[in-house]
$ cat query-v7.cif   # mmCIF, C-alpha atoms
data_input
#
loop_
_atom_site.group_PDB
_atom_site.id
_atom_site.type_symbol
_atom_site.label_atom_id
_atom_site.label_comp_id
_atom_site.auth_asym_id
_atom_site.auth_seq_id
_atom_site.Cartn_x
_atom_site.Cartn_y
_atom_site.Cartn_z
ATOM 1 C CA MET A 12 26.110 4.219 15.906
ATOM 2 C CA GLU A 13 24.879 0.889 14.551
ATOM 3 C CA ASP A 14 21.462 2.404 13.782
ATOM 4 C CA LEU A 15 23.113 5.344 11.972
ATOM 5 C CA GLU A 16 25.104 2.931 9.833
ATOM 6 C CA LEU A 17 21.913 1.003 9.081
ATOM 7 C CA ALA A 18 20.221 4.278 8.113
ATOM 8 C CA GLN A 19 23.004 4.935 5.608
ATOM 9 C CA GLU A 20 22.577 1.419 4.229
ATOM 10 C CA LEU A 21 18.834 2.038 3.829
ATOM 11 C CA LEU A 22 19.498 5.250 1.911
ATOM 12 C CA GLN A 23 21.935 3.492 -0.425
ATOM 13 C CA ALA A 24 19.562 0.558 -0.896
ATOM 14 C CA LYS A 25 16.703 2.930 -1.713
ATOM 15 C CA ASN A 26 18.788 4.689 -4.373
ATOM 16 C CA ASN A 27 19.837 1.347 -5.882
ATOM 17 C CA ILE A 28 16.241 0.055 -5.926
ATOM 18 C CA VAL A 29 15.024 3.217 -7.664
ATOM 19 C CA ALA A 30 17.804 2.916 -10.262
ATOM 20 C CA GLU A 31 16.821 -0.682 -11.054
ATOM 21 C CA ILE A 32 13.078 0.059 -11.222
ATOM 22 C CA GLN A 33 13.747 2.982 -13.572
ATOM 23 C CA LYS A 34 15.281 0.534 -16.044
ATOM 24 C CA VAL A 35 11.726 -0.727 -16.557
ATOM 25 C CA ILE A 36 9.392 2.063 -15.408
ATOM 26 C CA VAL A 37 9.596 5.448 -17.138
ATOM 27 C CA GLY A 38 8.770 8.439 -14.928
ATOM 28 C CA GLN A 39 6.353 7.890 -11.996
ATOM 29 C CA ASP A 40 9.036 9.111 -9.563
ATOM 30 C CA GLU A 41 6.509 10.069 -6.885
ATOM 31 C CA VAL A 42 4.698 6.736 -7.219
ATOM 32 C CA ILE A 43 7.968 4.838 -6.755
ATOM 33 C CA GLU A 44 8.885 7.018 -3.748
ATOM 34 C CA ASN A 45 5.526 6.322 -2.101
ATOM 35 C CA LEU A 46 5.805 2.602 -2.849
ATOM 36 C CA LEU A 47 9.207 2.394 -1.134
ATOM 37 C CA THR A 48 7.933 4.475 1.795
ATOM 38 C CA ALA A 49 5.183 1.894 2.321
ATOM 39 C CA LEU A 50 7.630 -0.993 1.858
ATOM 40 C CA PHE A 51 9.945 0.195 4.634
ATOM 41 C CA SER A 52 6.936 1.025 6.847
ATOM 42 C CA LYS A 53 5.414 -2.491 6.447
ATOM 43 C CA GLY A 54 2.399 -0.869 4.809
ATOM 44 C CA HIS A 55 0.023 -2.201 2.155
ATOM 45 C CA CYS A 56 -0.786 -0.015 -0.874
ATOM 46 C CA LEU A 57 -3.768 0.474 -3.167
ATOM 47 C CA PHE A 58 -2.804 1.755 -6.639
ATOM 48 C CA VAL A 59 -5.551 3.606 -8.480
ATOM 49 C CA GLY A 60 -5.204 4.428 -12.164
ATOM 50 C CA VAL A 61 -6.589 3.717 -15.607
ATOM 51 C CA PRO A 62 -5.375 0.616 -17.483
ATOM 52 C CA GLY A 63 -1.987 0.692 -19.175
ATOM 53 C CA LEU A 64 -0.063 2.789 -16.644
ATOM 54 C CA ALA A 65 2.286 -0.064 -15.593
ATOM 55 C CA LYS A 66 0.814 -0.556 -12.112
ATOM 56 C CA THR A 67 1.186 -4.334 -12.338
ATOM 57 C CA LEU A 68 4.621 -4.060 -13.960
ATOM 58 C CA LEU A 69 5.842 -1.754 -11.184
ATOM 59 C CA VAL A 70 4.922 -4.210 -8.422
ATOM 60 C CA SER A 71 6.332 -7.256 -10.217
ATOM 61 C CA THR A 72 9.554 -5.328 -10.945
ATOM 62 C CA LEU A 73 9.891 -4.387 -7.274
ATOM 63 C CA ALA A 74 9.496 -8.033 -6.234
ATOM 64 C CA GLN A 75 12.185 -9.037 -8.734
ATOM 65 C CA VAL A 76 14.600 -6.364 -7.520
ATOM 66 C CA LEU A 77 14.031 -7.429 -3.901
ATOM 67 C CA SER A 78 14.440 -11.188 -4.502
ATOM 68 C CA LEU A 79 11.098 -11.877 -2.828
ATOM 69 C CA GLU A 80 8.438 -14.469 -3.519
ATOM 70 C CA PHE A 81 5.746 -12.869 -5.651
ATOM 71 C CA SER A 82 2.157 -13.900 -6.362
ATOM 72 C CA ARG A 83 -0.239 -12.180 -8.713
ATOM 73 C CA ILE A 84 -3.940 -12.812 -8.097
ATOM 74 C CA GLN A 85 -6.339 -11.701 -10.818
ATOM 75 C CA PHE A 86 -9.515 -10.748 -8.988
ATOM 76 C CA THR A 87 -12.651 -11.764 -10.910
ATOM 77 C CA PRO A 88 -16.336 -12.086 -9.931
ATOM 78 C CA ASP A 89 -16.061 -15.887 -9.660
ATOM 79 C CA LEU A 90 -12.912 -15.895 -7.478
ATOM 80 C CA MET A 91 -13.483 -17.772 -4.204
ATOM 81 C CA PRO A 92 -11.787 -17.141 -0.820
ATOM 82 C CA SER A 93 -10.120 -20.570 -1.026
ATOM 83 C CA ASP A 94 -8.552 -19.519 -4.344
ATOM 84 C CA ILE A 95 -6.592 -16.978 -2.301
ATOM 85 C CA THR A 96 -5.914 -18.702 1.011
ATOM 86 C CA GLY A 97 -5.704 -22.331 -0.088
ATOM 87 C CA THR A 98 -7.818 -25.324 0.865
ATOM 88 C CA ASP A 99 -7.791 -28.753 2.492
ATOM 89 C CA ILE A 100 -7.917 -31.654 0.048
ATOM 90 C CA LEU A 101 -8.416 -35.342 0.744
ATOM 91 C CA HIS A 102 -5.115 -37.161 0.268
ATOM 92 C CA GLU A 103 -4.662 -40.921 0.124
ATOM 93 C CA ASP A 104 -1.303 -42.478 1.013
ATOM 94 C CA SER A 105 -0.279 -44.714 -1.881
ATOM 95 C CA VAL A 106 1.446 -47.189 0.463
ATOM 96 C CA THR A 107 -0.901 -47.514 3.431
ATOM 97 C CA GLY A 108 -4.112 -46.446 1.704
ATOM 98 C CA LYS A 109 -4.826 -44.181 4.661
ATOM 99 C CA ARG A 110 -6.778 -41.020 3.881
ATOM 100 C CA SER A 111 -6.182 -37.633 5.487
ATOM 101 C CA PHE A 112 -6.720 -33.994 4.730
ATOM 102 C CA GLN A 113 -3.745 -32.070 3.409
ATOM 103 C CA PHE A 114 -3.587 -28.282 3.227
ATOM 104 C CA ILE A 115 -2.589 -26.879 -0.164
ATOM 105 C CA LYS A 116 -1.355 -23.316 0.212
ATOM 106 C CA GLY A 117 -2.880 -20.599 -1.927
ATOM 107 C CA PRO A 118 -1.092 -17.662 -3.565
ATOM 108 C CA ILE A 119 -1.436 -15.588 -0.367
ATOM 109 C CA PHE A 120 1.629 -17.476 0.914
ATOM 110 C CA SER A 121 4.197 -15.164 -0.703
ATOM 111 C CA ASN A 122 6.086 -12.064 0.346
ATOM 112 C CA ILE A 123 4.525 -9.649 -2.120
ATOM 113 C CA ILE A 124 0.925 -10.145 -3.235
ATOM 114 C CA LEU A 125 -0.410 -8.271 -6.234
ATOM 115 C CA ALA A 126 -4.203 -8.152 -5.947
ATOM 116 C CA ASP A 127 -4.982 -7.104 -9.505
ATOM 117 C CA GLU A 128 -8.304 -5.268 -9.983
ATOM 118 C CA ILE A 129 -9.271 -5.981 -6.387
ATOM 119 C CA ASN A 130 -12.691 -4.326 -6.801
ATOM 120 C CA ARG A 131 -13.785 -6.913 -9.390
ATOM 121 C CA THR A 132 -14.495 -9.586 -6.797
ATOM 122 C CA PRO A 133 -17.383 -9.718 -4.267
ATOM 123 C CA PRO A 134 -16.885 -8.581 -0.646
ATOM 124 C CA LYS A 135 -16.775 -12.180 0.628
ATOM 125 C CA THR A 136 -13.640 -12.836 -1.406
ATOM 126 C CA GLN A 137 -12.155 -9.415 -0.671
ATOM 127 C CA ALA A 138 -12.540 -10.279 3.015
ATOM 128 C CA ALA A 139 -10.178 -13.242 2.568
ATOM 129 C CA LEU A 140 -7.368 -10.675 2.590
ATOM 130 C CA LEU A 141 -8.426 -8.961 5.827
ATOM 131 C CA GLN A 142 -6.844 -11.349 8.335
ATOM 132 C CA ALA A 143 -3.695 -11.732 6.256
ATOM 133 C CA MET A 144 -3.198 -7.961 5.928
ATOM 134 C CA GLN A 145 -3.769 -7.252 9.611
ATOM 135 C CA GLU A 146 -2.440 -10.308 11.430
ATOM 136 C CA LYS A 147 0.061 -11.751 8.903
ATOM 137 C CA GLN A 148 -1.605 -15.154 9.200
ATOM 138 C CA VAL A 149 -4.383 -17.161 7.565
ATOM 139 C CA THR A 150 -6.984 -19.372 9.236
ATOM 140 C CA VAL A 151 -8.436 -22.259 7.231
ATOM 141 C CA GLY A 152 -10.871 -24.464 9.104
ATOM 142 C CA SER A 153 -9.546 -24.699 12.664
ATOM 143 C CA THR A 154 -5.876 -24.242 11.755
ATOM 144 C CA THR A 155 -3.974 -20.957 11.585
ATOM 145 C CA TYR A 156 -0.964 -20.679 9.283
ATOM 146 C CA PRO A 157 1.642 -17.892 9.659
ATOM 147 C CA LEU A 158 2.728 -15.928 6.592
ATOM 148 C CA SER A 159 6.370 -15.369 5.754
ATOM 149 C CA ALA A 160 7.860 -11.939 6.501
ATOM 150 C CA PRO A 161 8.065 -9.499 4.897
ATOM 151 C CA PHE A 162 4.432 -9.662 3.784
ATOM 152 C CA LEU A 163 2.883 -6.869 1.713
ATOM 153 C CA VAL A 164 -0.306 -6.579 -0.325
ATOM 154 C CA PHE A 165 -0.232 -4.216 -3.302
ATOM 155 C CA ALA A 166 -3.642 -3.928 -4.931
ATOM 156 C CA THR A 167 -4.721 -2.197 -8.144
ATOM 157 C CA GLN A 168 -8.039 -0.588 -8.936
ATOM 158 C CA ASN A 169 -9.453 0.995 -12.084
ATOM 159 C CA PRO A 170 -11.259 4.258 -11.187
ATOM 160 C CA ILE A 171 -13.230 4.718 -14.415
ATOM 161 C CA GLU A 172 -14.812 1.320 -14.915
ATOM 162 C CA HIS A 173 -17.796 0.665 -12.652
ATOM 163 C CA GLU A 174 -19.695 -2.135 -14.391
ATOM 164 C CA GLY A 175 -19.030 -5.469 -12.713
ATOM 165 C CA THR A 176 -17.132 -3.918 -9.791
ATOM 166 C CA TYR A 177 -17.688 -4.037 -6.039
ATOM 167 C CA PRO A 178 -16.575 -1.005 -3.977
ATOM 168 C CA LEU A 179 -14.120 -1.938 -1.245
ATOM 169 C CA PRO A 180 -15.662 -1.860 2.263
ATOM 170 C CA GLU A 181 -14.252 0.756 4.633
ATOM 171 C CA ALA A 182 -12.728 -1.958 6.840
ATOM 172 C CA GLN A 183 -10.814 -3.271 3.832
ATOM 173 C CA LEU A 184 -9.715 0.198 2.717
ATOM 174 C CA ASP A 185 -8.450 1.000 6.201
ATOM 175 C CA ARG A 186 -5.991 -1.910 5.994
ATOM 176 C CA PHE A 187 -4.120 -0.082 3.226
ATOM 177 C CA MET A 188 -1.506 2.343 4.517
ATOM 178 C CA PHE A 189 -1.448 4.376 1.296
ATOM 179 C CA ILE A 190 -3.658 4.990 -1.664
ATOM 180 C CA ILE A 191 -1.388 5.877 -4.580
ATOM 181 C CA ASN A 192 -2.836 7.598 -7.625
ATOM 182 C CA VAL A 193 -1.010 6.704 -10.831
ATOM 183 C CA ALA A 194 -1.300 9.481 -13.419
ATOM 184 C CA TYR A 195 -0.719 9.555 -17.170
ATOM 185 C CA PRO A 196 2.905 10.132 -18.251
ATOM 186 C CA ASN A 197 3.843 13.456 -19.818
ATOM 187 C CA LYS A 198 4.621 13.707 -23.528
ATOM 188 C CA GLU A 199 8.385 13.084 -23.286
ATOM 189 C CA GLU A 200 7.888 10.148 -20.925
ATOM 190 C CA GLU A 201 5.305 8.601 -23.243
ATOM 191 C CA ILE A 202 7.676 8.911 -26.207
ATOM 192 C CA LYS A 203 10.350 7.130 -24.158
ATOM 193 C CA ILE A 204 7.845 4.419 -23.167
ATOM 194 C CA ALA A 205 6.817 3.906 -26.799
ATOM 195 C CA LEU A 206 10.452 3.572 -27.908
ATOM 196 C CA SER A 207 11.691 1.345 -25.073
ATOM 197 C CA THR A 208 8.766 -1.098 -25.070
ATOM 198 C CA THR A 209 8.848 -1.670 -28.822
ATOM 199 C CA SER A 210 12.605 -2.187 -29.193
ATOM 200 C CA GLY A 211 12.575 -5.874 -28.263
ATOM 201 C CA GLU A 212 15.289 -5.308 -25.630
ATOM 202 C CA LEU A 213 14.636 -6.525 -22.086
ATOM 203 C CA PRO A 214 16.425 -4.772 -19.205
ATOM 204 C CA ASN A 215 18.706 -6.858 -17.011
ATOM 205 C CA LEU A 216 17.635 -6.291 -13.410
ATOM 206 C CA LYS A 217 19.996 -6.846 -10.484
ATOM 207 C CA PRO A 218 18.629 -8.028 -7.129
ATOM 208 C CA ILE A 219 19.343 -5.360 -4.506
ATOM 209 C CA LEU A 220 17.998 -6.669 -1.192
ATOM 210 C CA LYS A 221 17.131 -9.982 0.415
ATOM 211 C CA ALA A 222 14.244 -10.618 2.793
ATOM 212 C CA GLU A 223 16.366 -10.445 5.950
ATOM 213 C CA GLU A 224 17.842 -7.072 4.910
ATOM 214 C CA ILE A 225 14.373 -5.648 4.258
ATOM 215 C CA LEU A 226 13.252 -6.814 7.708
ATOM 216 C CA LYS A 227 16.205 -4.980 9.306
ATOM 217 C CA PHE A 228 15.224 -1.761 7.556
ATOM 218 C CA GLN A 229 11.558 -2.227 8.511
ATOM 219 C CA ASP A 230 12.583 -2.646 12.151
ATOM 220 C CA LEU A 231 14.701 0.522 11.925
ATOM 221 C CA VAL A 232 11.864 2.819 10.805
ATOM 222 C CA PRO A 233 9.924 2.816 14.133
ATOM 223 C CA LEU A 234 13.150 3.747 15.966
ATOM 224 C CA VAL A 235 13.297 7.173 14.278
ATOM 225 C CA PRO A 236 12.537 9.741 17.001
ATOM 226 C CA VAL A 237 9.481 11.978 16.771
ATOM 227 C CA SER A 238 8.859 15.054 18.909
ATOM 228 C CA GLU A 239 5.576 15.505 20.748
ATOM 229 C CA HIS A 240 5.008 18.653 18.675
ATOM 230 C CA VAL A 241 5.093 16.680 15.402
ATOM 231 C CA ALA A 242 3.010 13.812 16.809
ATOM 232 C CA ARG A 243 0.441 16.306 18.101
ATOM 233 C CA TYR A 244 0.199 17.859 14.623
ATOM 234 C CA ALA A 245 -0.379 14.437 13.007
ATOM 235 C CA VAL A 246 -3.153 13.569 15.476
ATOM 236 C CA GLU A 247 -4.744 17.014 15.171
ATOM 237 C CA LEU A 248 -4.761 16.658 11.382
ATOM 238 C CA VAL A 249 -6.576 13.315 11.646
ATOM 239 C CA GLN A 250 -9.024 14.413 14.317
ATOM 240 C CA ASN A 251 -10.029 17.450 12.276
ATOM 241 C CA THR A 252 -11.236 15.163 9.475
ATOM 242 C CA ARG A 253 -14.046 14.033 11.782
ATOM 243 C CA PRO A 254 -17.194 16.186 11.788
ATOM 244 C CA GLN A 255 -18.289 14.476 15.019
ATOM 245 C CA GLN A 256 -15.028 15.202 16.928
ATOM 246 C CA ASN A 257 -16.154 17.351 19.897
ATOM 247 C CA GLY A 258 -17.369 20.091 17.587
ATOM 248 C CA SER A 259 -13.786 21.231 16.944
ATOM 249 C CA ALA A 260 -13.623 20.342 13.229
ATOM 250 C CA PRO A 261 -13.511 23.220 10.712
ATOM 251 C CA ASP A 262 -16.834 24.309 9.194
ATOM 252 C CA PHE A 263 -15.997 22.900 5.737
ATOM 253 C CA ILE A 264 -15.419 19.458 7.302
ATOM 254 C CA LYS A 265 -18.846 19.568 8.956
ATOM 255 C CA GLU A 266 -20.343 20.721 5.665
ATOM 256 C CA TRP A 267 -18.760 18.149 3.314
ATOM 257 C CA ILE A 268 -17.711 15.087 5.331
ATOM 258 C CA ASP A 269 -19.804 12.178 6.609
ATOM 259 C CA TRP A 270 -16.981 10.265 8.311
ATOM 260 C CA GLY A 271 -13.340 11.058 8.932
ATOM 261 C CA ALA A 272 -10.193 9.018 9.413
ATOM 262 C CA GLY A 273 -9.662 6.688 12.385
ATOM 263 C CA PRO A 274 -6.664 6.295 14.747
ATOM 264 C CA ARG A 275 -4.846 4.051 12.266
ATOM 265 C CA ALA A 276 -4.383 7.148 10.086
ATOM 266 C CA SER A 277 -2.395 8.871 12.859
ATOM 267 C CA GLN A 278 -0.143 5.834 13.160
ATOM 268 C CA TYR A 279 0.456 5.669 9.414
ATOM 269 C CA LEU A 280 1.142 9.411 9.166
ATOM 270 C CA ILE A 281 3.938 9.090 11.697
ATOM 271 C CA LEU A 282 5.323 5.803 10.327
ATOM 272 C CA GLY A 283 5.270 7.095 6.765
ATOM 273 C CA ALA A 284 6.968 10.329 7.842
ATOM 274 C CA LYS A 285 9.685 8.325 9.613
ATOM 275 C CA ALA A 286 10.378 6.279 6.481
ATOM 276 C CA LYS A 287 10.404 9.450 4.350
ATOM 277 C CA ALA A 288 12.952 11.046 6.677
ATOM 278 C CA LEU A 289 15.277 8.025 6.507
ATOM 279 C CA MET A 290 14.981 7.908 2.713
ATOM 280 C CA ASP A 291 15.924 11.612 2.697
ATOM 281 C CA ASN A 292 19.024 10.961 4.824
ATOM 282 C CA ARG A 293 17.542 12.407 8.029
ATOM 283 C CA VAL A 294 17.080 10.775 11.430
ATOM 284 C CA ALA A 295 14.232 12.922 12.791
ATOM 285 C CA ILE A 296 10.876 13.796 11.272
ATOM 286 C CA THR A 297 9.355 17.223 10.685
ATOM 287 C CA ILE A 298 5.897 18.663 10.066
ATOM 288 C CA ASP A 299 6.716 18.683 6.343
ATOM 289 C CA ASP A 300 7.255 14.911 6.455
ATOM 290 C CA ILE A 301 3.749 14.500 7.894
ATOM 291 C CA LYS A 302 2.336 16.744 5.170
ATOM 292 C CA SER A 303 4.173 14.802 2.456
ATOM 293 C CA VAL A 304 2.263 11.591 3.269
ATOM 294 C CA ALA A 305 -1.055 13.173 4.299
ATOM 295 C CA ARG A 306 -2.863 12.742 0.982
ATOM 296 C CA GLN A 307 -1.797 9.116 0.566
ATOM 297 C CA VAL A 308 -2.879 8.238 4.130
ATOM 298 C CA LEU A 309 -6.117 10.229 4.330
ATOM 299 C CA GLU A 310 -7.678 10.059 0.856
ATOM 300 C CA HIS A 311 -9.310 6.640 1.272
ATOM 301 C CA ARG A 312 -10.261 7.252 4.915
ATOM 302 C CA ILE A 313 -12.479 10.294 4.379
ATOM 303 C CA ILE A 314 -16.074 9.782 3.217
ATOM 304 C CA LEU A 315 -17.744 12.710 1.483
ATOM 305 C CA ASN A 316 -21.439 13.431 1.985
ATOM 306 C CA PHE A 317 -24.046 14.055 -0.699
ATOM 307 C CA LYS A 318 -23.614 17.840 -0.536
ATOM 308 C CA ALA A 319 -19.902 17.583 -1.351
ATOM 309 C CA GLU A 320 -20.554 15.241 -4.271
ATOM 310 C CA ALA A 321 -23.303 17.527 -5.582
ATOM 311 C CA GLU A 322 -20.832 20.423 -5.508
ATOM 312 C CA SER A 323 -18.125 18.288 -7.233
ATOM 313 C CA ILE A 324 -15.854 18.494 -4.196
ATOM 314 C CA LYS A 325 -13.067 15.907 -4.242
ATOM 315 C CA VAL A 326 -11.456 14.312 -1.192
ATOM 316 C CA ASN A 327 -8.076 15.758 -2.160
ATOM 317 C CA ASP A 328 -9.647 19.236 -2.253
ATOM 318 C CA VAL A 329 -10.706 18.719 1.354
ATOM 319 C CA ILE A 330 -7.263 17.439 2.394
ATOM 320 C CA GLY A 331 -5.546 20.389 0.707
ATOM 321 C CA LYS A 332 -7.845 22.831 2.494
ATOM 322 C CA LEU A 333 -7.246 21.020 5.776
ATOM 323 C CA LEU A 334 -3.453 21.240 5.383
ATOM 324 C CA GLU A 335 -3.818 24.993 4.863
ATOM 325 C CA THR A 336 -6.143 25.352 7.864
ATOM 326 C CA ILE A 337 -4.338 23.288 10.523
ATOM 327 C CA LYS A 338 -1.305 25.260 11.703
ATOM 328 C CA ALA A 339 1.797 23.549 13.034
#

$ encode --input "query-v7.cif" --output "structure tokens"
Amino acid sequence: MEDLELAQELLQAKNNIVAEIQKVIVGQDEVIENLLTALFSKGHCLFVGVPGLAKTLLVSTLAQVLSLEFSRIQFTPDLMPSDITGTDILHEDSVTGKRSFQFIKGPIFSNIILADEINRTPPKTQAALLQAMQEKQVTVGSTTYPLSAPFLVFATQNPIEHEGTYPLPEAQLDRFMFIINVAYPNKEEEIKIALSTTSGELPNLKPILKAEEILKFQDLVPLVPVSEHVARYAVELVQNTRPQQNGSAPDFIKEWIDWGAGPRASQYLILGAKAKALMDNRVAITIDDIKSVARQVLEHRIILNFKAEAESIKVNDVIGKLLETIKA
């Protein structure tokens, strides 16, 4: 009964968060839905879209509505790992004159991290996020520092600008639960954006949740039951992205794919589906819930081969074909 009441609270909180975000963000309903799905699933997100689509504004607005500590890191070619994690500096006591090293925390020590244009920094600096995203802690020198919960990394990436960028390694991409594509607004939405952003009026946002409330909701999501039938479908979907998987993959996978998704994809499919179900006022997940998060989970975990690229095949084309092929 307590869990059911908490599920109702989550649904109400979700609706309130969406209402507050929509005071600032016009349209992008699906993007907001996916962002909140990742939030309640403890998942990191990579937002991909051209400049000017309010990716940064969306994340900063969410942090404001959730009353969480927020850090924005502008990724540039000269950014160093210590600029993210922090560093030890030599400190001298003004009274005793004794010298000692003191750790100065970097911007990674926040609840929500916005890694802006994450592909503009070299792999060495990108790797500074790996331990934090996976283990929720940072090691500097011989000391490990825990990060405050909740801890989420939301990164942005520009898909059309390649000069001066460094593609994210697969290990880094796999740390992101979702890849979220941010599209252009339609005509009516763009008119509304043009009017609202040039009026000089700033919306008054109300904080909806505190950190401890978010943690309760995040702990609730894994408790949503899942049948073996649904779990089997999620795993089968992931395994059929792998051309090397016991020869059972469809012919088009063997023809177009170099590497498929790993086991983490199966976990995220089920977790994301559980969060979707709760946000839709349901306490059990279905095959449709798995399908609703499949593109976001799989898109950055499937590597096309040269033949697919030569034929202008996109990853989402492959996922769509896979969803049609794999029967529940």

$ closest_residue --input "query-v7.cif" --among "A:Ala319, A:Leu163, A:Val193, A:Leu158" --to "Glu41 in chain A" --atoms "all atoms listed in the file"
A:Val193

$ closest_residue --input "query-v7.cif" --among "A:Gly108, A:Gln23, A:Gln278, A:Ala65" --to "Thr208 in chain A" --atoms "only C-alpha atoms"
A:Ala65

$ residues_near_point --input "query-v7.cif" --point "(6.7, 8.3, 2.9)" --cutoff "8 Å" --atoms "all atoms listed in the file" --output "ChimeraX atom specification"
/A:44-45,47-49,282-288,300,303-304

$ closest_atom_pairs --input "query-v7.cif" --of "range 290-331 of chain A" --to "range 230-244 of chain A" --cutoff "10 Å" --atoms "only C-alpha atoms" --output "Markdown table"
| residue | atom | partner | partner_atom | distance |
| --- | --- | --- | --- | --- |
| A:Arg293 | CA | A:Val235 | CA | 9.2 |
| A:Val294 | CA | A:Val235 | CA | 5.9 |
| A:Ala295 | CA | A:Pro236 | CA | 5.5 |
| A:Ile296 | CA | A:Val237 | CA | 6.0 |
| A:Thr297 | CA | A:Val241 | CA | 6.4 |
| A:Ile298 | CA | A:Val241 | CA | 5.7 |
| A:Asp299 | CA | A:Val241 | CA | 9.4 |
| A:Asp300 | CA | A:Val241 | CA | 9.4 |
| A:Ile301 | CA | A:Val241 | CA | 7.9 |
| A:Lys302 | CA | A:Tyr244 | CA | 9.8 |

$ residues_around --input "query-v7.cif" --residues "Leu46 in chain A" --least-positions-apart "6" --cutoff "9 Å" --atoms "only C-alpha atoms" --output "JSON, numbers by chain"
{"A": [56, 70, 189, 191]}

$ resolve_selection --input "query-v7.cif" --expression "the PyMOL selection byres ((chain A and resi 305-315) around 10)" --output "PyMOL selection string"
chain A and resi 45+56-57+181-182+184-185+187-192+245+248-249+252-253+264+266-273+275-281+283-284+299-304+316-320+324-331+334

$ closest_residue --input "query-v7.cif" --among "A:Thr154, A:Ser159, A:Ser323, A:Asn26" --to "Glu80 in chain A" --atoms "all atoms listed in the file"
A:Ser159

$ atom_distance --input "query-v7.cif" --atom1 "CA of Phe114 in chain A" --atom2 "CA of Lys53 in chain A"
27.5 Å

$ atom_distance --input "query-v7.cif" --atom1 "CA of Met144 in chain A" --atom2 "CA of Phe228 in chain A"
19.5 Å

$ resolve_selection --input "query-v7.cif" --expression "the PyMOL selection byres ((chain A and resi 168) around 12)" --output "number ranges by chain"
A: 56-64, 66-67, 85-86, 125-132, 165-167, 169-173, 176-179, 184, 190-193
